[in-house]
file start_26.cif (mmCIF, C-alpha atoms and all ligand atoms)
data_entry
#
loop_
_atom_site.label_atom_id
_atom_site.label_comp_id
_atom_site.auth_asym_id
_atom_site.auth_seq_id
_atom_site.Cartn_x
_atom_site.Cartn_y
_atom_site.Cartn_z
CA MET A 1 0.00 0.00 0.00
CA ASN A 2 1.36 3.38 -0.97
CA THR A 3 1.32 5.69 2.05
CA ASN A 4 3.37 8.46 0.44
CA ARG A 5 1.24 11.62 0.43
CA LEU A 6 3.83 13.79 -1.36
CA SER A 7 4.27 14.12 -5.11
CA ASP A 8 7.79 13.53 -6.43
CA PRO A 9 8.35 17.24 -7.28
CA LEU A 10 7.15 18.38 -3.84
CA ALA A 11 9.17 15.72 -2.03
CA LYS A 12 12.24 16.93 -3.93
CA ALA A 13 11.50 20.60 -3.20
CA LEU A 14 11.01 19.86 0.51
CA ASN A 15 14.19 17.78 0.70
CA ASP A 16 16.13 20.51 -1.13
CA GLN A 17 14.82 23.08 1.32
CA MET A 18 15.79 20.86 4.26
CA THR A 19 19.36 20.98 2.89
CA ASN A 20 19.09 24.75 2.31
CA GLU A 21 18.18 25.23 5.97
CA ALA A 22 21.16 23.12 7.02
CA HIS A 23 23.29 25.27 4.71
CA ASN A 24 21.87 28.42 6.35
CA ALA A 25 22.83 26.99 9.75
CA GLN A 26 26.40 26.50 8.49
CA ILE A 27 26.50 30.06 7.14
CA TYR A 28 25.49 31.51 10.54
CA LEU A 29 27.88 29.14 12.29
CA SER A 30 30.82 30.27 10.16
CA TYR A 31 29.95 33.96 10.60
CA ALA A 32 29.61 33.42 14.36
CA ALA A 33 33.04 31.77 14.51
CA TRP A 34 34.46 34.64 12.44
CA ALA A 35 32.90 37.24 14.78
CA SER A 36 34.19 35.45 17.88
CA ASP A 37 37.68 35.27 16.37
CA LYS A 38 37.54 39.05 15.79
CA GLY A 39 36.57 39.61 19.44
CA TYR A 40 32.90 40.44 18.81
CA GLU A 41 31.42 38.07 21.38
CA GLY A 42 27.97 39.68 21.41
CA ILE A 43 27.62 39.40 17.64
CA ALA A 44 28.97 35.84 17.78
CA ASN A 45 26.43 34.92 20.46
CA PHE A 46 23.59 36.30 18.35
CA LEU A 47 24.80 34.41 15.25
CA PHE A 48 25.39 31.14 17.14
CA ARG A 49 21.82 31.33 18.47
CA HIS A 50 20.57 31.97 14.98
CA SER A 51 22.47 29.01 13.61
CA ASN A 52 20.46 26.83 16.01
CA GLU A 53 17.23 28.36 14.70
CA GLU A 54 18.23 27.33 11.19
CA ARG A 55 18.88 23.78 12.34
CA ASN A 56 15.39 23.80 13.84
CA HIS A 57 14.05 24.84 10.45
CA MET A 58 15.91 21.92 8.89
CA MET A 59 14.27 19.56 11.42
CA LYS A 60 10.81 20.89 10.64
CA PHE A 61 11.25 19.98 6.96
CA LEU A 62 12.67 16.57 7.83
CA GLU A 63 9.80 15.83 10.22
CA TYR A 64 7.17 17.01 7.75
CA ILE A 65 8.48 14.80 4.94
CA LEU A 66 8.45 11.80 7.30
CA LYS A 67 4.97 12.55 8.59
CA ARG A 68 3.62 12.70 5.03
CA GLY A 69 5.08 9.31 4.25
CA GLY A 70 7.82 10.74 2.03
CA LYS A 71 11.46 9.75 1.76
CA VAL A 72 13.99 11.95 3.54
CA VAL A 73 17.20 12.35 1.54
CA VAL A 74 20.10 13.66 3.63
CA THR A 75 22.85 14.98 1.38
CA THR A 76 26.10 16.90 1.55
CA ILE A 77 25.75 20.49 2.78
CA PRO A 78 27.45 23.08 0.55
CA GLU A 79 30.27 25.11 2.10
CA PRO A 80 29.19 28.35 3.78
CA GLY A 81 31.48 30.48 1.61
CA PRO A 82 34.17 33.00 2.54
CA ASP A 83 34.32 34.88 5.84
CA PRO A 84 32.85 38.38 5.88
CA ALA A 85 35.30 41.24 5.35
CA SER A 86 33.76 43.34 8.16
CA VAL A 87 30.74 43.53 10.46
CA ASN A 88 29.00 45.63 7.82
CA ASP A 89 29.74 43.00 5.18
CA CYS A 90 28.58 40.25 7.55
CA PHE A 91 25.18 41.87 8.10
CA GLU A 92 24.74 42.61 4.38
CA LYS A 93 25.48 38.95 3.62
CA VAL A 94 22.94 37.86 6.26
CA PHE A 95 20.27 40.03 4.63
CA LYS A 96 21.07 38.74 1.13
CA SER A 97 20.98 35.13 2.31
CA GLU A 98 17.60 35.58 4.02
CA VAL A 99 16.08 37.23 0.94
CA GLU A 100 17.33 34.32 -1.19
CA ASN A 101 15.84 31.89 1.30
CA THR A 102 12.47 33.66 1.13
CA ALA A 103 12.45 33.18 -2.66
CA LYS A 104 13.03 29.44 -2.15
CA ILE A 105 10.18 29.20 0.37
CA TYR A 106 7.86 31.06 -2.03
CA LYS A 107 8.65 28.49 -4.74
CA ILE A 108 7.34 25.76 -2.44
CA VAL A 109 4.22 27.85 -1.81
CA ASP A 110 3.75 28.08 -5.59
CA LEU A 111 4.26 24.37 -6.12
CA SER A 112 1.86 23.35 -3.34
CA LEU A 113 -0.72 25.73 -4.80
CA GLN A 114 -0.29 24.31 -8.32
CA GLU A 115 -0.67 20.76 -7.00
CA LYS A 116 -3.49 21.67 -4.63
CA ASP A 117 -1.52 20.00 -1.85
CA TRP A 118 -3.20 21.95 0.94
CA ALA A 119 -1.37 20.10 3.72
CA THR A 120 1.97 21.29 2.35
CA TRP A 121 0.54 24.73 1.64
CA ASN A 122 -0.56 24.93 5.26
CA PHE A 123 2.81 23.66 6.54
CA ILE A 124 4.82 26.12 4.44
CA GLN A 125 2.80 29.12 5.67
CA TRP A 126 4.72 28.84 8.95
CA PHE A 127 7.88 29.52 6.94
CA VAL A 128 6.32 32.43 5.06
CA LYS A 129 5.77 34.13 8.42
CA GLU A 130 9.16 33.03 9.68
CA GLN A 131 10.90 34.56 6.63
CA THR A 132 9.13 37.87 7.24
CA GLU A 133 10.57 37.69 10.75
CA GLU A 134 14.03 36.71 9.49
CA GLU A 135 14.12 39.54 6.95
CA THR A 136 13.00 41.95 9.69
CA MET A 137 15.79 40.66 11.90
CA ALA A 138 18.31 41.17 9.07
CA LEU A 139 16.98 44.68 8.37
CA ASP A 140 17.35 45.47 12.09
CA LEU A 141 20.99 44.38 11.89
CA LEU A 142 21.54 46.66 8.89
CA ALA A 143 19.87 49.57 10.73
CA LYS A 144 22.15 49.01 13.74
CA ILE A 145 25.36 48.90 11.70
CA LYS A 146 24.24 51.93 9.70
CA LYS A 147 23.78 53.86 12.96
CA ALA A 148 27.25 52.72 14.02
CA GLY A 149 28.76 54.17 10.83
CA GLY A 150 28.26 51.38 8.28
CA ALA A 151 31.43 50.26 6.52
CA LYS A 152 33.26 53.09 8.34
CA ALA A 153 32.10 52.12 11.86
CA ASN A 154 34.86 52.86 14.38
CA ALA A 155 35.99 50.66 17.28
CA ASP A 156 33.85 52.49 19.87
CA ALA A 157 30.67 52.17 17.81
CA LEU A 158 31.38 48.49 17.13
CA TYR A 159 31.99 47.92 20.84
CA THR A 160 28.54 49.33 21.68
CA LEU A 161 26.91 47.39 18.85
CA ASP A 162 28.57 44.18 20.01
CA ASN A 163 27.25 44.64 23.57
CA ASP A 164 23.80 45.37 22.21
CA LEU A 165 23.64 42.26 20.00
CA GLY A 166 24.59 39.92 22.82
CA LYS A 167 21.31 40.97 24.50
CA THR A 168 19.14 41.13 21.35
CA PRO A 169 16.27 38.61 21.41
CA ASP A 170 16.17 35.85 18.78
CA ASP A 171 12.89 36.94 17.21
CA ALA A 172 12.11 40.26 15.55
CA VAL A 173 8.72 41.92 16.16
CA LEU A 174 6.41 41.69 13.14
CA ALA A 175 4.18 44.51 11.87
CA GLN A 176 1.07 42.40 12.54
CA ASP A 177 2.03 42.15 16.23
CA THR A 178 2.08 45.92 16.80
CA SER A 179 -0.76 48.14 17.96
CA VAL A 180 -1.32 51.85 18.69
CA GLU A 181 -0.66 51.12 22.37
CA ASN A 182 2.50 49.20 21.51
CA PRO A 183 3.93 50.76 18.33
FE1 LIG B 201 15.55 29.31 7.87
FE2 LIG B 201 16.87 32.16 8.07
O1 LIG B 201 15.90 30.91 7.11
#
call {"tool": "encode", "arguments": {"input": "start_26.cif", "output": "structure tokens", "more": "lines below"}}
Ligand code: FEO
result
Amino acid sequence: MNTNRLSDPLAKALNDQMTNEAHNAQIYLSYAAWASDKGYEGIANFLFRHSNEERNHMMKFLEYILKRGGKVVVTTIPEPGPDPASVNDCFEKVFKSEVENTAKIYKIVDLSLQEKDWATWNFIQWFVKEQTEEETMALDLLAKIKKAGGAKANADALYTLDNDLGKTPDDAVLAQDTSVENP
């Protein structure tokens, strides 16, 4: 009896995204190690925590494929790429990587819609919201480094930014969670 509830194209897309999330975790891990090596322990802490979030994303895809009777295919994870050249470069790379990830999530939304696979459509909506949060988080990082002087940020400004990021919560606040009382 066939208990697989995923089409071949969707199973492939979900498996590919599971690997993408593992790749994202490696990217954050490498940036965190880079930041720690440069003495930015607050930034490193923030990035290490975020690497764990990406691994959680990977697990959600893995678990979903299993629960739908599909085959999980664990493959090699691509290398994270070169170290950032500066904190400014690091945050720009984080933003770019999150925007690219959003495009990949949207492709799965499209595919589930085309196939009328409403279970997958429902599952992937969690990631649509999560990507809005991740992009907001990345934009917040860019706003912070811009305030610190961008590519020309001096040691004092970076010191303050580093302290700040060590205490920054994991999740950004979304527009839909604000109100006039709590702007
Ligand atoms: Fe799982 Fe930051 O995307």
call {"tool": "closest_atom_pairs", "arguments": {"input": "start_26.cif", "of": "range 34-75 of chain A", "to": "range 133-152 of chain A", "cutoff": "12 Å", "atoms": "all atoms listed in the file", "output": "Markdown table"}}
result
| residue | atom | partner | partner_atom | distance |
| --- | --- | --- | --- | --- |
| A:Ile43 | CA | A:Leu141 | CA | 10.1 |
| A:Phe46 | CA | A:Leu141 | CA | 10.7 |
| A:Leu47 | CA | A:Leu141 | CA | 11.2 |
| A:His50 | CA | A:Glu134 | CA | 9.8 |
| A:Glu53 | CA | A:Glu134 | CA | 10.3 |
| A:Glu54 | CA | A:Glu134 | CA | 10.4 |
| A:His57 | CA | A:Glu134 | CA | 11.9 |
call {"tool": "residues_near_ligand", "arguments": {"input": "start_26.cif", "ligand": "ligand LIG 201 (chain B)", "cutoff": "10 Å", "atoms": "all atoms listed in the file", "output": "VMD selection string"}}
result
chain A and resid 17 to 18 20 to 25 27 to 28 50 to 58 94 to 95 97 to 102 104 to 105 127 to 128 130 to 135 137 to 138
call {"tool": "atom_distance", "arguments": {"input": "start_26.cif", "atom1": "CA of Tyr64 in chain A", "atom2": "CA of Asn45 in chain A"}}
result
29.2 Å
call {"tool": "closest_residue", "arguments": {"input": "start_26.cif", "among": "A:Thr178, A:Thr160, A:Ser112, A:Asn88", "to": "Leu14 in chain A", "atoms": "all atoms listed in the file"}}
result
A:Ser112
call {"tool": "closest_atom_pairs", "arguments": {"input": "start_26.cif", "of": "range 64-174 of chain A", "to": "range 8-11 of chain A", "cutoff": "10 Å", "atoms": "only C-alpha atoms", "output": "tab-separated table"}}
result
residue	atom	partner	partner_atom	distance
A:Ile65	CA	A:Ala11	CA	7.1
A:Arg68	CA	A:Ala11	CA	9.5
A:Gly69	CA	A:Ala11	CA	9.9
A:Gly70	CA	A:Ala11	CA	6.6
A:Lys71	CA	A:Ala11	CA	7.4
A:Val72	CA	A:Ala11	CA	8.3
A:Val73	CA	A:Ala11	CA	9.4
A:Ile108	CA	A:Leu10	CA	7.5
A:Leu111	CA	A:Leu10	CA	7.0
A:Ser112	CA	A:Leu10	CA	7.3
A:Glu115	CA	A:Leu10	CA	8.8
A:Asp117	CA	A:Leu10	CA	9.0
A:Thr120	CA	A:Leu10	CA	8.6
call {"tool": "closest_residue", "arguments": {"input": "start_26.cif", "among": "A:Lys93, A:Gln114, A:Lys38, A:Val109", "to": "Pro80 in chain A", "atoms": "all atoms listed in the file"}}
result
A:Lys93
call {"tool": "closest_residue", "arguments": {"input": "start_26.cif", "among": "A:Asn2, A:Asn122, A:Asn15, A:Asn182", "to": "Leu62 in chain A", "atoms": "all atoms listed in the file"}}
result
A:Asn15
call {"tool": "residues_near_point", "arguments": {"input": "start_26.cif", "point": "(34.2, 32.2, 18.6)", "cutoff": "12 Å", "atoms": "all atoms listed in the file", "output": "ChimeraX atom specification"}}
result
/A:28-48
call {"tool": "write_last_selection", "arguments": {"input": "start_26.cif", "atoms": "C-alpha atoms", "output": "PDB file, in the frame of the given file"}}
result
ATOM      1  CA  TYR A  28      25.490  31.510  10.540  1.00  0.00           C
ATOM      2  CA  LEU A  29      27.880  29.140  12.290  1.00  0.00           C
ATOM      3  CA  SER A  30      30.820  30.270  10.160  1.00  0.00           C
ATOM      4  CA  TYR A  31      29.950  33.960  10.600  1.00  0.00           C
ATOM      5  CA  ALA A  32      29.610  33.420  14.360  1.00  0.00           C
ATOM      6  CA  ALA A  33      33.040  31.770  14.510  1.00  0.00           C
ATOM      7  CA  TRP A  34      34.460  34.640  12.440  1.00  0.00           C
ATOM      8  CA  ALA A  35      32.900  37.240  14.780  1.00  0.00           C
ATOM      9  CA  SER A  36      34.190  35.450  17.880  1.00  0.00           C
ATOM     10  CA  ASP A  37      37.680  35.270  16.370  1.00  0.00           C
ATOM     11  CA  LYS A  38      37.540  39.050  15.790  1.00  0.00           C
ATOM     12  CA  GLY A  39      36.570  39.610  19.440  1.00  0.00           C
ATOM     13  CA  TYR A  40      32.900  40.440  18.810  1.00  0.00           C
ATOM     14  CA  GLU A  41      31.420  38.070  21.380  1.00  0.00           C
ATOM     15  CA  GLY A  42      27.970  39.680  21.410  1.00  0.00           C
ATOM     16  CA  ILE A  43      27.620  39.400  17.640  1.00  0.00           C
ATOM     17  CA  ALA A  44      28.970  35.840  17.780  1.00  0.00           C
ATOM     18  CA  ASN A  45      26.430  34.920  20.460  1.00  0.00           C
ATOM     19  CA  PHE A  46      23.590  36.300  18.350  1.00  0.00           C
ATOM     20  CA  LEU A  47      24.800  34.410  15.250  1.00  0.00           C
ATOM     21  CA  PHE A  48      25.390  31.140  17.140  1.00  0.00           C
TER      22      PHE A  48
END
